[in-house]
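Shown here: structure_10.pdb, PDB, C-alpha atoms and all ligand atoms.
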```pdb
ATOM      1  CA  MET A 166       0.000   0.000   0.000  1.00  0.00           C
ATOM      2  CA  GLU A 167       1.262   3.465  -0.838  1.00  0.00           C
ATOM      3  CA  GLU A 168       2.413   5.417   2.211  1.00  0.00           C
ATOM      4  CA  GLN A 169       0.489   8.609   2.924  1.00  0.00           C
ATOM      5  CA  ILE A 170       2.857  11.585   3.171  1.00  0.00           C
ATOM      6  CA  TYR A 171       1.673  14.402   5.446  1.00  0.00           C
ATOM      7  CA  SER A 172       3.092  17.895   5.578  1.00  0.00           C
ATOM      8  CA  MET A 173       4.113  19.112   9.034  1.00  0.00           C
ATOM      9  CA  PRO A 174       1.440  21.246  10.697  1.00  0.00           C
ATOM     10  CA  ARG A 175       2.436  24.866  11.177  1.00  0.00           C
ATOM     11  CA  ILE A 176       1.563  27.650  13.583  1.00  0.00           C
ATOM     12  CA  GLY A 177      -1.756  29.110  12.419  1.00  0.00           C
ATOM     13  CA  ASP A 178      -2.974  25.824  10.875  1.00  0.00           C
ATOM     14  CA  LYS A 179      -6.081  24.066  12.138  1.00  0.00           C
ATOM     15  CA  ALA A 180      -5.068  21.114  14.331  1.00  0.00           C
ATOM     16  CA  PRO A 181      -5.314  17.940  12.188  1.00  0.00           C
ATOM     17  CA  GLU A 182      -8.345  15.868  13.197  1.00  0.00           C
ATOM     18  CA  PHE A 183      -8.144  12.290  14.429  1.00  0.00           C
ATOM     19  CA  LYS A 184      -9.963   9.696  16.514  1.00  0.00           C
ATOM     20  CA  ALA A 185      -7.881   7.762  19.020  1.00  0.00           C
ATOM     21  CA  VAL A 186      -7.913   5.234  21.833  1.00  0.00           C
ATOM     22  CA  THR A 187      -6.486   6.642  25.079  1.00  0.00           C
ATOM     23  CA  THR A 188      -6.003   5.674  28.717  1.00  0.00           C
ATOM     24  CA  GLN A 189      -9.138   7.741  29.459  1.00  0.00           C
ATOM     25  CA  GLY A 190     -11.314   6.252  26.686  1.00  0.00           C
ATOM     26  CA  ASP A 191     -11.775   7.166  23.040  1.00  0.00           C
ATOM     27  CA  ILE A 192     -11.301  10.752  21.932  1.00  0.00           C
ATOM     28  CA  ASN A 193     -12.257  12.743  18.896  1.00  0.00           C
ATOM     29  CA  PHE A 194      -9.588  15.408  18.453  1.00  0.00           C
ATOM     30  CA  PRO A 195      -9.810  18.399  18.531  1.00  0.00           C
ATOM     31  CA  GLY A 196     -13.658  18.307  18.493  1.00  0.00           C
ATOM     32  CA  ASP A 197     -13.933  17.028  22.084  1.00  0.00           C
ATOM     33  CA  TYR A 198     -11.883  20.025  23.267  1.00  0.00           C
ATOM     34  CA  LYS A 199     -13.857  22.833  21.625  1.00  0.00           C
ATOM     35  CA  GLY A 200     -13.719  25.965  23.795  1.00  0.00           C
ATOM     36  CA  LYS A 201     -10.593  24.805  25.646  1.00  0.00           C
ATOM     37  CA  TRP A 202      -6.879  25.215  25.155  1.00  0.00           C
ATOM     38  CA  VAL A 203      -5.041  21.920  24.666  1.00  0.00           C
ATOM     39  CA  ILE A 204      -1.405  21.002  25.069  1.00  0.00           C
ATOM     40  CA  LEU A 205      -0.908  17.940  22.852  1.00  0.00           C
ATOM     41  CA  PHE A 206       2.475  16.410  23.447  1.00  0.00           C
ATOM     42  CA  SER A 207       4.342  13.310  22.313  1.00  0.00           C
ATOM     43  CA  HIS A 208       6.973  11.250  24.093  1.00  0.00           C
ATOM     44  CA  PRO A 209       9.319   8.603  22.684  1.00  0.00           C
ATOM     45  CA  ALA A 210       8.397   5.550  24.749  1.00  0.00           C
ATOM     46  CA  ASP A 211       6.767   4.246  27.921  1.00  0.00           C
ATOM     47  CA  PHE A 212       8.995   2.915  30.717  1.00  0.00           C
ATOM     48  CA  THR A 213      11.862   5.265  29.904  1.00  0.00           C
ATOM     49  CA  PRO A 214      13.433   7.628  32.439  1.00  0.00           C
ATOM     50  CA  VAL A 215      13.209  11.052  30.773  1.00  0.00           C
ATOM     51  CA  CYS A 216       9.588  10.411  29.794  1.00  0.00           C
ATOM     52  CA  THR A 217       8.768   9.268  33.332  1.00  0.00           C
ATOM     53  CA  SER A 218      10.200  12.471  34.804  1.00  0.00           C
ATOM     54  CA  GLU A 219       8.164  14.481  32.274  1.00  0.00           C
ATOM     55  CA  PHE A 220       4.895  12.667  32.921  1.00  0.00           C
ATOM     56  CA  MET A 221       5.232  13.097  36.663  1.00  0.00           C
ATOM     57  CA  THR A 222       5.855  16.805  36.159  1.00  0.00           C
ATOM     58  CA  PHE A 223       2.961  17.257  33.726  1.00  0.00           C
ATOM     59  CA  ALA A 224       0.585  15.294  35.981  1.00  0.00           C
ATOM     60  CA  THR A 225       1.601  17.401  38.973  1.00  0.00           C
ATOM     61  CA  MET A 226       0.873  20.585  36.993  1.00  0.00           C
ATOM     62  CA  ALA A 227      -2.396  19.361  35.418  1.00  0.00           C
ATOM     63  CA  GLU A 228      -4.700  21.095  37.927  1.00  0.00           C
ATOM     64  CA  ASP A 229      -2.862  24.374  37.390  1.00  0.00           C
ATOM     65  CA  PHE A 230      -3.363  24.031  33.618  1.00  0.00           C
ATOM     66  CA  LYS A 231      -7.060  23.243  34.145  1.00  0.00           C
ATOM     67  CA  LYS A 232      -7.451  26.559  35.982  1.00  0.00           C
ATOM     68  CA  MET A 233      -6.224  28.151  32.748  1.00  0.00           C
ATOM     69  CA  ASN A 234      -8.915  26.306  30.741  1.00  0.00           C
ATOM     70  CA  THR A 235      -6.234  23.979  29.394  1.00  0.00           C
ATOM     71  CA  GLU A 236      -6.273  20.209  29.001  1.00  0.00           C
ATOM     72  CA  LEU A 237      -3.266  17.947  28.523  1.00  0.00           C
ATOM     73  CA  VAL A 238      -3.190  15.109  25.984  1.00  0.00           C
ATOM     74  CA  GLY A 239      -0.148  12.845  25.679  1.00  0.00           C
ATOM     75  CA  LEU A 240       0.844  10.430  22.914  1.00  0.00           C
ATOM     76  CA  SER A 241       3.406   7.762  22.143  1.00  0.00           C
ATOM     77  CA  VAL A 242       3.602   4.973  19.615  1.00  0.00           C
ATOM     78  CA  ASP A 243       3.260   2.377  22.388  1.00  0.00           C
ATOM     79  CA  GLY A 244       0.053   0.383  22.898  1.00  0.00           C
ATOM     80  CA  LEU A 245      -2.720   0.938  25.402  1.00  0.00           C
ATOM     81  CA  TYR A 246      -1.713  -1.878  27.795  1.00  0.00           C
ATOM     82  CA  SER A 247       1.864  -0.630  27.922  1.00  0.00           C
ATOM     83  CA  HIS A 248       0.526   2.868  28.696  1.00  0.00           C
ATOM     84  CA  ILE A 249      -1.694   1.521  31.477  1.00  0.00           C
ATOM     85  CA  ALA A 250       1.106  -0.562  33.010  1.00  0.00           C
ATOM     86  CA  TRP A 251       3.546   2.364  32.872  1.00  0.00           C
ATOM     87  CA  LEU A 252       1.114   4.844  34.466  1.00  0.00           C
ATOM     88  CA  ARG A 253       0.343   2.289  37.220  1.00  0.00           C
ATOM     89  CA  THR A 254       4.067   1.869  37.873  1.00  0.00           C
ATOM     90  CA  ILE A 255       4.514   5.639  38.094  1.00  0.00           C
ATOM     91  CA  LYS A 256       1.719   5.885  40.659  1.00  0.00           C
ATOM     92  CA  GLU A 257       2.701   2.878  42.726  1.00  0.00           C
ATOM     93  CA  LYS A 258       6.485   2.875  42.658  1.00  0.00           C
ATOM     94  CA  ILE A 259       8.162   6.069  41.510  1.00  0.00           C
ATOM     95  CA  GLU A 260       9.190   8.827  43.861  1.00  0.00           C
ATOM     96  CA  TYR A 261      11.081  11.595  42.097  1.00  0.00           C
ATOM     97  CA  LYS A 262      12.017  15.094  43.257  1.00  0.00           C
ATOM     98  CA  GLY A 263       9.387  15.131  45.983  1.00  0.00           C
ATOM     99  CA  MET A 264       6.670  13.837  43.620  1.00  0.00           C
ATOM    100  CA  LYS A 265       5.111  10.519  44.606  1.00  0.00           C
ATOM    101  CA  ASP A 266       1.801   8.696  44.283  1.00  0.00           C
ATOM    102  CA  VAL A 267       1.359  10.641  41.035  1.00  0.00           C
ATOM    103  CA  GLU A 268      -1.764   9.756  39.109  1.00  0.00           C
ATOM    104  CA  VAL A 269      -1.799  10.664  35.419  1.00  0.00           C
ATOM    105  CA  LYS A 270      -5.432  11.599  34.867  1.00  0.00           C
ATOM    106  CA  PHE A 271      -5.095  13.133  31.420  1.00  0.00           C
ATOM    107  CA  PRO A 272      -5.468  10.916  28.330  1.00  0.00           C
ATOM    108  CA  LEU A 273      -2.449   9.178  26.856  1.00  0.00           C
ATOM    109  CA  ILE A 274      -3.057   8.202  23.219  1.00  0.00           C
ATOM    110  CA  GLU A 275      -1.946   4.836  21.857  1.00  0.00           C
ATOM    111  CA  ASP A 276      -0.527   5.342  18.394  1.00  0.00           C
ATOM    112  CA  ILE A 277       0.812   1.971  17.338  1.00  0.00           C
ATOM    113  CA  THR A 278      -0.058   2.696  13.722  1.00  0.00           C
ATOM    114  CA  MET A 279       1.889   6.002  13.971  1.00  0.00           C
ATOM    115  CA  GLU A 280      -0.984   7.649  12.121  1.00  0.00           C
ATOM    116  CA  VAL A 281      -1.298  10.573  14.534  1.00  0.00           C
ATOM    117  CA  SER A 282       2.470  10.974  15.030  1.00  0.00           C
ATOM    118  CA  LYS A 283       2.926  11.225  11.269  1.00  0.00           C
ATOM    119  CA  ARG A 284       0.104  13.745  10.827  1.00  0.00           C
ATOM    120  CA  TYR A 285       1.658  15.957  13.502  1.00  0.00           C
ATOM    121  CA  GLY A 286       5.265  15.626  12.326  1.00  0.00           C
ATOM    122  CA  MET A 287       6.225  13.937  15.588  1.00  0.00           C
ATOM    123  CA  LEU A 288       8.267  11.253  13.822  1.00  0.00           C
ATOM    124  CA  GLN A 289      11.532  12.771  12.729  1.00  0.00           C
ATOM    125  CA  PRO A 290      13.564   9.960  11.097  1.00  0.00           C
ATOM    126  CA  GLY A 291      16.937  11.667  11.545  1.00  0.00           C
ATOM    127  CA  GLU A 292      16.341  11.390  15.309  1.00  0.00           C
ATOM    128  CA  SER A 293      14.421   8.077  15.345  1.00  0.00           C
ATOM    129  CA  SER A 294      12.207   6.281  12.840  1.00  0.00           C
ATOM    130  CA  THR A 295      10.388   4.264  15.511  1.00  0.00           C
ATOM    131  CA  LYS A 296       9.903   6.778  18.331  1.00  0.00           C
ATOM    132  CA  ALA A 297       8.163  10.145  18.395  1.00  0.00           C
ATOM    133  CA  VAL A 298      10.324  13.105  19.381  1.00  0.00           C
ATOM    134  CA  ARG A 299       9.213  15.314  22.279  1.00  0.00           C
ATOM    135  CA  ALA A 300       6.765  17.609  20.489  1.00  0.00           C
ATOM    136  CA  VAL A 301       4.515  20.141  22.214  1.00  0.00           C
ATOM    137  CA  PHE A 302       1.538  21.641  20.351  1.00  0.00           C
ATOM    138  CA  PHE A 303      -0.401  24.510  21.934  1.00  0.00           C
ATOM    139  CA  ILE A 304      -3.900  24.501  20.417  1.00  0.00           C
ATOM    140  CA  ASP A 305      -6.384  27.277  21.127  1.00  0.00           C
ATOM    141  CA  PRO A 306     -10.142  27.001  21.862  1.00  0.00           C
ATOM    142  CA  LYS A 307     -10.912  27.346  18.137  1.00  0.00           C
ATOM    143  CA  GLY A 308      -8.657  24.399  17.269  1.00  0.00           C
ATOM    144  CA  THR A 309      -5.841  26.508  15.807  1.00  0.00           C
ATOM    145  CA  ILE A 310      -2.205  25.594  16.459  1.00  0.00           C
ATOM    146  CA  ARG A 311      -0.612  28.562  18.195  1.00  0.00           C
ATOM    147  CA  THR A 312       2.858  27.337  19.178  1.00  0.00           C
ATOM    148  CA  ILE A 313       4.966  24.269  18.411  1.00  0.00           C
ATOM    149  CA  ILE A 314       8.063  23.274  20.363  1.00  0.00           C
ATOM    150  CA  TYR A 315      10.195  20.240  19.562  1.00  0.00           C
ATOM    151  CA  TYR A 316      12.795  18.632  21.811  1.00  0.00           C
ATOM    152  CA  PRO A 317      15.009  15.662  20.946  1.00  0.00           C
ATOM    153  CA  LEU A 318      14.875  12.255  22.630  1.00  0.00           C
ATOM    154  CA  ALA A 319      17.670  12.936  25.083  1.00  0.00           C
ATOM    155  CA  VAL A 320      16.471  16.256  26.531  1.00  0.00           C
ATOM    156  CA  GLY A 321      13.495  16.601  28.864  1.00  0.00           C
ATOM    157  CA  ARG A 322      11.179  19.560  28.371  1.00  0.00           C
ATOM    158  CA  ASN A 323      11.275  22.774  30.393  1.00  0.00           C
ATOM    159  CA  PHE A 324       7.841  22.860  32.037  1.00  0.00           C
ATOM    160  CA  ASP A 325       8.336  26.331  33.386  1.00  0.00           C
ATOM    161  CA  GLU A 326       8.674  27.479  29.756  1.00  0.00           C
ATOM    162  CA  ILE A 327       5.623  25.466  28.666  1.00  0.00           C
ATOM    163  CA  LYS A 328       3.544  27.204  31.341  1.00  0.00           C
ATOM    164  CA  ARG A 329       5.067  30.594  30.468  1.00  0.00           C
ATOM    165  CA  VAL A 330       4.182  30.157  26.771  1.00  0.00           C
ATOM    166  CA  LEU A 331       0.593  29.186  27.634  1.00  0.00           C
ATOM    167  CA  ILE A 332       0.175  32.235  29.895  1.00  0.00           C
ATOM    168  CA  ALA A 333       1.784  34.462  27.245  1.00  0.00           C
ATOM    169  CA  LEU A 334      -0.505  33.178  24.467  1.00  0.00           C
ATOM    170  CA  GLN A 335      -3.605  33.723  26.579  1.00  0.00           C
ATOM    171  CA  THR A 336      -2.400  37.165  27.671  1.00  0.00           C
ATOM    172  CA  ALA A 337      -1.665  38.185  24.074  1.00  0.00           C
ATOM    173  CA  ASP A 338      -5.274  37.250  23.212  1.00  0.00           C
ATOM    174  CA  ASN A 339      -6.874  38.719  26.339  1.00  0.00           C
ATOM    175  CA  PHE A 340      -5.207  42.134  26.093  1.00  0.00           C
ATOM    176  CA  SER A 341      -4.282  42.438  22.364  1.00  0.00           C
ATOM    177  CA  VAL A 342      -0.624  42.910  23.191  1.00  0.00           C
ATOM    178  CA  ALA A 343       2.644  41.179  22.357  1.00  0.00           C
ATOM    179  CA  LEU A 344       5.128  39.961  24.925  1.00  0.00           C
ATOM    180  CA  PRO A 345       8.837  40.766  24.921  1.00  0.00           C
ATOM    181  CA  ALA A 346      11.785  38.446  25.496  1.00  0.00           C
ATOM    182  CA  ASP A 347      11.564  36.449  28.718  1.00  0.00           C
ATOM    183  CA  TRP A 348       8.206  38.055  29.608  1.00  0.00           C
ATOM    184  CA  ARG A 349       6.559  36.994  32.830  1.00  0.00           C
ATOM    185  CA  PRO A 350       3.245  38.187  34.326  1.00  0.00           C
ATOM    186  CA  GLY A 351       3.845  41.620  35.867  1.00  0.00           C
ATOM    187  CA  ASP A 352       6.461  42.654  33.281  1.00  0.00           C
ATOM    188  CA  ASP A 353       5.677  45.412  30.776  1.00  0.00           C
ATOM    189  CA  VAL A 354       3.947  44.331  27.557  1.00  0.00           C
ATOM    190  CA  ILE A 355       4.361  45.547  23.994  1.00  0.00           C
ATOM    191  CA  VAL A 356       1.726  47.787  22.438  1.00  0.00           C
ATOM    192  CA  PRO A 357       0.907  46.713  18.842  1.00  0.00           C
ATOM    193  CA  THR A 358       3.282  48.394  16.400  1.00  0.00           C
ATOM    194  CA  ALA A 359       2.056  51.679  14.903  1.00  0.00           C
ATOM    195  CA  GLY A 360       0.547  50.949  11.492  1.00  0.00           C
ATOM    196  CA  SER A 361       0.672  54.485  10.111  1.00  0.00           C
ATOM    197  CA  CYS A 362       2.857  57.615  10.307  1.00  0.00           C
ATOM    198  CA  GLY A 363       0.068  59.407  12.207  1.00  0.00           C
ATOM    199  CA  VAL A 364      -0.105  56.731  14.892  1.00  0.00           C
ATOM    200  CA  ALA A 365       3.697  56.645  15.126  1.00  0.00           C
ATOM    201  CA  LYS A 366       3.785  60.420  15.724  1.00  0.00           C
ATOM    202  CA  GLU A 367       0.938  60.252  18.251  1.00  0.00           C
ATOM    203  CA  ARG A 368       2.742  57.495  20.109  1.00  0.00           C
ATOM    204  CA  MET A 369       5.931  59.491  20.415  1.00  0.00           C
ATOM    205  CA  GLU A 370       4.056  62.578  21.648  1.00  0.00           C
ATOM    206  CA  SER A 371       1.529  60.714  23.790  1.00  0.00           C
ATOM    207  CA  LYS A 372       1.269  61.396  27.495  1.00  0.00           C
ATOM    208  CA  GLU A 373      -0.450  58.020  27.913  1.00  0.00           C
ATOM    209  CA  GLU A 374       1.253  55.615  30.286  1.00  0.00           C
ATOM    210  CA  MET A 375       3.457  54.121  27.644  1.00  0.00           C
ATOM    211  CA  HIS A 376       7.187  53.961  27.218  1.00  0.00           C
ATOM    212  CA  CYS A 377       8.461  54.278  23.648  1.00  0.00           C
ATOM    213  CA  TYR A 378      12.059  53.227  23.015  1.00  0.00           C
ATOM    214  CA  ASP A 379      11.385  54.369  19.444  1.00  0.00           C
ATOM    215  CA  TRP A 380       8.223  54.744  17.347  1.00  0.00           C
ATOM    216  CA  PHE A 381       8.082  50.997  16.576  1.00  0.00           C
ATOM    217  CA  PHE A 382       8.837  49.764  20.096  1.00  0.00           C
ATOM    218  CA  CYS A 383       6.422  50.910  22.803  1.00  0.00           C
ATOM    219  CA  THR A 384       5.597  49.145  26.051  1.00  0.00           C
ATOM    220  CA  LYS A 385       3.036  49.678  28.783  1.00  0.00           C
ATOM    221  CA  LYS A 386       2.383  48.314  32.230  1.00  0.00           C
ATOM    222  CA  LEU A 387       0.087  45.341  32.698  1.00  0.00           C
ATOM    223  CA  GLU A 388      -0.264  44.376  36.338  1.00  0.00           C
ATOM    224  CA  GLU A 389       0.259  40.742  37.262  1.00  0.00           C
ATOM    225  CA  GLU A 390      -3.106  40.737  39.058  1.00  0.00           C
ATOM    226  CA  LYS A 391      -4.926  41.663  35.837  1.00  0.00           C
ATOM    227  CA  VAL A 392      -3.046  39.004  33.852  1.00  0.00           C
ATOM    228  CA  LEU A 393      -3.862  36.285  36.383  1.00  0.00           C
ATOM    229  CA  LYS A 394      -7.498  37.358  36.747  1.00  0.00           C
ATOM    230  CA  ALA A 395      -7.982  37.140  32.974  1.00  0.00           C
ATOM    231  CA  LEU A 396      -6.482  33.631  33.033  1.00  0.00           C
ATOM    232  CA  GLY A 397      -9.122  32.661  35.587  1.00  0.00           C
ATOM    233  CA  LYS A 398      -6.572  32.228  38.406  1.00  0.00           C
TER
HETATM  234  C1  LIG B   1      13.829   8.552  27.904  1.00  0.00           C
HETATM  235  O1  LIG B   1      12.687   8.985  28.047  1.00  0.00           O
HETATM  236  O2  LIG B   1      14.565   8.366  28.861  1.00  0.00           O
HETATM  237  C2  LIG B   1      14.331   8.264  26.531  1.00  0.00           C
HETATM  238  C3  LIG B   1      13.488   7.768  25.563  1.00  0.00           C
HETATM  239  C4  LIG B   1      13.982   7.475  24.308  1.00  0.00           C
HETATM  240  C5  LIG B   1      15.316   7.692  24.019  1.00  0.00           C
HETATM  241  C6  LIG B   1      16.158   8.233  24.981  1.00  0.00           C
HETATM  242  C7  LIG B   1      15.675   8.517  26.247  1.00  0.00           C
END
```
Could I get this file's structure written as structure tokens?
Amino acid sequence: MEEQIYSMPRIGDKAPEFKAVTTQGDINFPGDYKGKWVILFSHPADFTPVCTSEFMTFATMAEDFKKMNTELVGLSVDGLYSHIAWLRTIKEKIEYKGMKDVEVKFPLIEDITMEVSKRYGMLQPGESSTKAVRAVFFIDPKGTIRTIIYYPLAVGRNFDEIKRVLIALQTADNFSVALPADWRPGDDVIVPTAGSCGVAKERMESKEEMHCYDWFFCTKKLEEEKVLKALGK
């Protein structure tokens, strides 16, 4: 049979649709998540150390993500029974960095056929032809891919950064602003760039609470409280 070749999804694309079997029952993606943000992430294999450390971290943060209207969905090319056995082992036996008795309540997709991994560009043959790399897709409530981060097999993800990106994406939407390098809630935000000479002039002369480094680079304050309130925290 001829192999189906998929192009890699890009930021701004609609999340490719699929139906899958997971550790929490069948899902219809992204339809079942309409109105919610989703972090869809892949991992190379069950019963491996880096992945175990990542799953424990994600599971520990899951409630925090839920408060930000965000659901987690994991995937690997292992089968359902392997997933179940691995998650049971994590809960019953693994204590790591103060985390123990960790229950992974979010769905973990079985993708033995590699259908979903291929559609999402999670299989990168130069790294491995049999294991998904560590991909992270941030998908918004309308089912649009908003950020993609890839990590190789040997490097565990930075969960602080994953949370920061989610907060930044939601803040950009909530306040129609952009966020500068290393932005964190409470830091100044970037006012959309002036789109005409008139606006550029106004900006430079404005007495509004804005700081312009030049006409194309203006920031304003956005209190942490307001950012967190808009996230639902
Ligand atoms: C790990 O999760 O430890 C791992 C998985 C695949 C390749 C290398 C490391």
| request: Give me, please, the distance in Å between atom CA of Phe302 of chain A and atom CA of Asp352 of chain A, quoted to one decimal. | output: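 Pair atom CA of Phe302 of chain A / atom CA of Asp352 of chain A returns 25.2 Å.
For the pair atom CA of Asp305 of chain A and atom CA of Trp202 of chain A, the separation is 4.6 Å.
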**Request:** Counting all atoms listed in the file, name the residues that have an atom within 7 Å of an atom of ligand LIG 1 (chain B); the answer should be given as number ranges by chain.
**Result:** A: 209-210, 213-217, 318-319
*asked:* Would you pick out the contacts of Val298 of chain A at 10 Å or less, using all atoms listed in the file, so that residues sharing its chain but fewer than 5 positions from it are not included, and give the list as number ranges by chain?
replied: A: 206-210, 241, 282, 286-290, 292-293, 315-320
**Q.** Test item: residues at most 12 Å from Glu236 of chain A, all atoms listed in the file, excluding those fewer than 6 positions along its chain, as a PyMOL selection string
**A.** chain A and resi 195+197-206+223-224+226-230+270-273+302-306+331
Given only C-alpha atoms as the basis, pick out the residue of A:Val330, A:Leu387, A:Ala297, A:Leu344 nearest to Ile313 of chain A.
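Nearest to Ile313 of chain A: A:Val330.
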If you count all atoms listed in the file, the residue of A:Asp191, A:Ser294, A:Val354, A:Phe220 closest to Val267 of chain A turns out to be A:Phe220
Item to complete: State, in Å with one decimal place, the distance from atom CA of Phe194 of chain A to atom CA of Lys283 of chain A.
Response: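 Straight-line distance from atom CA of Phe194 of chain A to atom CA of Lys283 of chain A works out to 15.0 Å.
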Contact residues around Arg368 of chain A with only C-alpha atoms at 10 Å, ignoring same-chain residues under 2 positions, as a tab-separated table (two decimals) with C-alpha atoms, in the frame of the given file:
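part-v2.tsv, written as the output of this step:
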```tsv
chain	number	residue	atom	x	y	z
A	358	THR	CA	3.28	48.39	16.40
A	359	ALA	CA	2.06	51.68	14.90
A	362	CYS	CA	2.86	57.62	10.31
A	363	GLY	CA	0.07	59.41	12.21
A	364	VAL	CA	-0.10	56.73	14.89
A	365	ALA	CA	3.70	56.64	15.13
A	366	LYS	CA	3.78	60.42	15.72
A	370	GLU	CA	4.06	62.58	21.65
A	371	SER	CA	1.53	60.71	23.79
A	372	LYS	CA	1.27	61.40	27.50
A	373	GLU	CA	-0.45	58.02	27.91
A	375	MET	CA	3.46	54.12	27.64
A	376	HIS	CA	7.19	53.96	27.22
A	377	CYS	CA	8.46	54.28	23.65
A	379	ASP	CA	11.38	54.37	19.44
A	380	TRP	CA	8.22	54.74	17.35
A	381	PHE	CA	8.08	51.00	16.58
A	382	PHE	CA	8.84	49.76	20.10
A	383	CYS	CA	6.42	50.91	22.80
```
Judged by all atoms listed in the file, the minimum distance to Lys398 of chain A among A:Arg329, A:Lys296, A:Lys258, A:Lys232 is found for A:Lys232
Adding 6 Å on each side of the box along x, y and z that holds all listed atoms of segment 344-353 of chain A, could you give its centre and edge lengths in Å to one decimal, as JSON?
```
{"center_x": 7.5, "center_y": 40.9, "center_z": 30.4, "size_x": 20.5, "size_y": 21.0, "size_z": 22.9}
```
Closest of A:Ile255, A:Ile277, A:Leu237, A:Ile310 to Asp178 of chain A, counting only C-alpha atoms, is A:Ile310
If you count all atoms listed in the file, the residue of A:Ile259, A:Met233, A:Ala185, A:Val392 closest to Val342 of chain A turns out to be A:Val392
Shell of 7 Å around Glu275 of chain A, only C-alpha atoms, local chain residues under 2 positions omitted, as a PyMOL selection string:
chain A and resi 186-187+240-245+273+277
- [ ] Could you give me, as a ChimeraX atom specification, the residues within 10 Å of Gly177 of chain A, counting all atoms listed in the file and dropping anything in the same chain fewer than 3 positions from it?
- [x] /A:174,180,304,308-312
Go ahead and save the residues from that selection, with C-alpha atoms, as an mmCIF file, keeping the file's coordinate frame.
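Contents of again10.cif, as written:
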```cif
data_model
loop_
_atom_site.group_PDB
_atom_site.id
_atom_site.type_symbol
_atom_site.label_atom_id
_atom_site.label_comp_id
_atom_site.auth_asym_id
_atom_site.auth_seq_id
_atom_site.Cartn_x
_atom_site.Cartn_y
_atom_site.Cartn_z
ATOM 1 C CA PRO A 174 1.440 21.246 10.697
ATOM 2 C CA ALA A 180 -5.068 21.114 14.331
ATOM 3 C CA ILE A 304 -3.900 24.501 20.417
ATOM 4 C CA GLY A 308 -8.657 24.399 17.269
ATOM 5 C CA THR A 309 -5.841 26.508 15.807
ATOM 6 C CA ILE A 310 -2.205 25.594 16.459
ATOM 7 C CA ARG A 311 -0.612 28.562 18.195
ATOM 8 C CA THR A 312 2.858 27.337 19.178
#
```
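Considering only C-alpha atoms, the residue among A:Trp251, A:Tyr261, A:Phe183, A:Tyr378 positioned nearest to Phe212 of chain A is A:Trp251.
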